[in-house]
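Participant: I'd like to ask some things about the structure below.
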Amino acid sequence: NAGVTQTPKFQVLKTGQSMTLQCAQDMNHEYMSWYRQDPGMGLRLIHYSVGAGITDQGEVPNGYNVSRSTTEDFPLRLLSAAPSQTSVYFCASSYSRTVRNEQFFGPGTRLTVL
Amino acid sequence: KQEVTQIPAALSVPEGENLVLNCSFTDSAIYNLQWFRQDPGKGLTSLLLIQSSQREQTSGRLNASLDKSSGRSTLYIAASQPGDSATYLCAAMDSNYQLIWGAGTKLIIKP
């Protein structure tokens, strides 16, 4: 199993550009989520999905869109990049959204917006 | 609103020492408390998950405890090794099944 994969690993954008961060998992997990990690702060939830076709907002959803057309893939779209979106982005998955399931994380995407 | 704090932000100890990392949370209404390890440039790896009804969990040289009444969890690392150097994060699962994260403790084990 490859686990949770993310592409790209690094990305530099100019203000106003759009892009999609890719996330895929091969563990047949129902629950997937996107976090951002900023220096000196804990991870913050952007969006999550409890299954194909179902998505919901987390703590910091503004400026981001998601979709979940398949169980395996959960892309994160930046609509119009802003310097405040400079961060490290992590995708995570677990079997389900319950209290007992271990979460698996991808290696992260380091995004810089100029 | 749940807040999770980890103090200190960084810790450096000689190899072989036993050490304790701290995690505090403001709302005792949690489903579980989780500890993760993060290596530079890599994702997070789950270490231990303590359910709200449990007091502690153990895995090898790691032992995590949970005291909901005082809003505290500790991660005990026995006989530390240079390979234990990493950032350790704790996260509390709140009543909405969302993980609320601490900022982490960066641990350096000196050979």
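Letters A, B, ... go to the chains of the structure tokens in the order shown; residues in each chain start at 1; ligands are counted from 1 in the same order.
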So which residues touch range 64-68 of chain B within 8 Å, counting only C-alpha atoms, skipping near sequence neighbours fewer than 2 positions away, as a VMD selection string?

Facilitator: chain B and resid 28 33 48 50 52 54 to 58 62 70 to 76

Participant: Hey, could you make a per-residue contact list for chain B against chain A with 12 Å as the cut-off, showing the nearest pair of atoms and its distance in Å to one decimal, counting only C-alpha atoms, sorted by chain and number, as a Markdown table?

Facilitator:
| residue | atom | partner | partner_atom | distance |
| --- | --- | --- | --- | --- |
| B:Lys1 | CA | A:Glu59 | CA | 11.7 |
| B:Glu3 | CA | A:Gly42 | CA | 9.8 |
| B:Val4 | CA | A:Gly42 | CA | 8.3 |
| B:Thr5 | CA | A:Gly42 | CA | 8.9 |
| B:Gln6 | CA | A:Gly42 | CA | 9.7 |
| B:Ile7 | CA | A:Gly40 | CA | 11.8 |
| B:Pro8 | CA | A:Gly40 | CA | 11.8 |
| B:Ala9 | CA | A:Gly40 | CA | 8.5 |
| B:Ala10 | CA | A:Gly40 | CA | 11.2 |
| B:Ile30 | CA | A:Val99 | CA | 9.6 |
| B:Tyr31 | CA | A:Val99 | CA | 6.1 |
| B:Asn32 | CA | A:Val99 | CA | 6.6 |
| B:Leu33 | CA | A:Val99 | CA | 9.6 |
| B:Gln34 | CA | A:Glu102 | CA | 8.9 |
| B:Trp35 | CA | A:Glu102 | CA | 10.6 |
| B:Phe36 | CA | A:Gln103 | CA | 9.7 |
| B:Arg37 | CA | A:Phe105 | CA | 10.9 |
| B:Gln38 | CA | A:Pro107 | CA | 9.8 |
| B:Asp39 | CA | A:Pro107 | CA | 9.8 |
| B:Pro40 | CA | A:Pro107 | CA | 9.8 |
| B:Gly41 | CA | A:Pro107 | CA | 7.1 |
| B:Lys42 | CA | A:Pro107 | CA | 4.6 |
| B:Gly43 | CA | A:Pro107 | CA | 4.0 |
| B:Leu44 | CA | A:Phe105 | CA | 5.6 |
| B:Thr45 | CA | A:Phe105 | CA | 7.0 |
| B:Ser46 | CA | A:Glu102 | CA | 6.8 |
| B:Leu47 | CA | A:Glu102 | CA | 9.3 |
| B:Leu48 | CA | A:Glu102 | CA | 8.9 |
| B:Leu49 | CA | A:Glu102 | CA | 7.6 |
| B:Ile50 | CA | A:Arg100 | CA | 8.9 |
| B:Gln51 | CA | A:Arg100 | CA | 7.5 |
| B:Ser52 | CA | A:Val99 | CA | 9.3 |
| B:Ser53 | CA | A:Val99 | CA | 11.5 |
| B:Thr87 | CA | A:Gly42 | CA | 11.8 |
| B:Tyr88 | CA | A:Gly42 | CA | 11.2 |
| B:Leu89 | CA | A:Gly42 | CA | 8.2 |
| B:Cys90 | CA | A:Gly42 | CA | 9.0 |
| B:Ala91 | CA | A:Gly42 | CA | 8.7 |
| B:Ala92 | CA | A:Val99 | CA | 10.5 |
| B:Met93 | CA | A:Val99 | CA | 7.6 |
| B:Asp94 | CA | A:Val99 | CA | 9.7 |
| B:Ser95 | CA | A:Val99 | CA | 10.0 |
| B:Asn96 | CA | A:Arg97 | CA | 10.1 |
| B:Tyr97 | CA | A:Thr98 | CA | 7.0 |
| B:Gln98 | CA | A:Leu45 | CA | 8.1 |
| B:Leu99 | CA | A:Leu45 | CA | 8.1 |
| B:Ile100 | CA | A:Arg44 | CA | 7.6 |
| B:Trp101 | CA | A:Gly42 | CA | 4.7 |
| B:Gly102 | CA | A:Gly42 | CA | 4.7 |
| B:Ala103 | CA | A:Gly42 | CA | 4.0 |
| B:Gly104 | CA | A:Gly42 | CA | 7.1 |
| B:Thr105 | CA | A:Gly40 | CA | 10.1 |
| B:Lys106 | CA | A:Gly40 | CA | 11.0 |

Participant: Just to confirm, what's the straight-line distance from CA of Glu30 in chain A to CA of Gly63 in chain A in Å (one decimal)?

Facilitator: 24.4 Å

Participant: Find the spatial neighbours of range 69-74 of chain A, counting only C-alpha atoms, within a cut-off of 10 Å - ignore same-chain residues fewer than 2 positions away - and output them as a ChimeraX atom specification.

Facilitator: /A:4-6,21-34,47-55,66-67,76-77,91-93

Participant: Go ahead and save the picked residues with C-alpha atoms, as a CSV table (one decimal), in the first residue's frame.

Facilitator:
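To be explicit, this is the file written out as again.csv:
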chain,number,residue,atom,x,y,z
A,4,VAL,CA,-1.7,8.6,1.6
A,5,THR,CA,0.0,10.4,-1.3
A,6,GLN,CA,0.1,14.1,-2.0
A,21,LEU,CA,-3.4,20.1,-4.5
A,22,GLN,CA,-3.8,16.4,-5.1
A,23,CYS,CA,-4.5,13.8,-2.4
A,24,ALA,CA,-5.1,10.1,-2.9
A,25,GLN,CA,-5.3,7.0,-0.6
A,26,ASP,CA,-5.4,3.3,-1.4
A,27,MET,CA,-6.7,2.0,2.0
A,28,ASN,CA,-10.4,2.3,1.1
A,29,HIS,CA,-10.8,4.9,3.8
A,30,GLU,CA,-14.2,6.7,4.0
A,31,TYR,CA,-13.0,9.8,5.9
A,32,MET,CA,-10.5,12.2,4.4
A,33,SER,CA,-9.5,15.7,5.4
A,34,TRP,CA,-7.2,18.6,4.6
A,47,HIS,CA,-12.4,20.7,4.7
A,48,TYR,CA,-13.3,17.1,5.3
A,49,SER,CA,-15.3,14.4,3.7
A,50,VAL,CA,-17.0,11.4,5.2
A,51,GLY,CA,-17.5,9.6,1.9
A,52,ALA,CA,-17.7,10.0,-1.9
A,53,GLY,CA,-20.0,12.9,-2.7
A,54,ILE,CA,-20.1,14.3,0.8
A,55,THR,CA,-17.9,17.2,1.9
A,66,VAL,CA,-13.0,20.5,-2.3
A,67,SER,CA,-14.8,17.7,-4.1
A,76,LEU,CA,-8.0,20.8,-2.6
A,77,ARG,CA,-8.5,23.7,-4.9
A,91,CYS,CA,-4.1,15.4,3.7
A,92,ALA,CA,-5.2,12.7,6.1
A,93,SER,CA,-7.5,9.7,6.0

Participant: In Å, how far is it from CA of Asn65 in chain A to CA of Pro8 in chain A?

Facilitator: 17.3 Å

Participant: Residues at most 9 Å from range 14-16 of chain B, counting only C-alpha atoms, excluding those fewer than 5 positions away in the same chain, as a list in words?

Facilitator: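 Contacts, in chain order: Ala78, Ala79, Ser80, Gln81, Pro82, Ile108, Ile109, Lys110 and Pro111 of chain B.
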
Participant: Just list the residues in chain A DSSP gives strand (DSSP E or B) on the backbone, as number ranges by chain.

Facilitator: A: 4-7, 10-13, 19-25, 31-37, 44-51, 54-57, 64-66, 73, 76-78, 87-94, 104-105, 109-113

Participant: Hey, can you check how far CA of Ser96 in chain A sits from CA of Ser59 in chain B?

Facilitator: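 Interatomic distance here is 23.1 Å.
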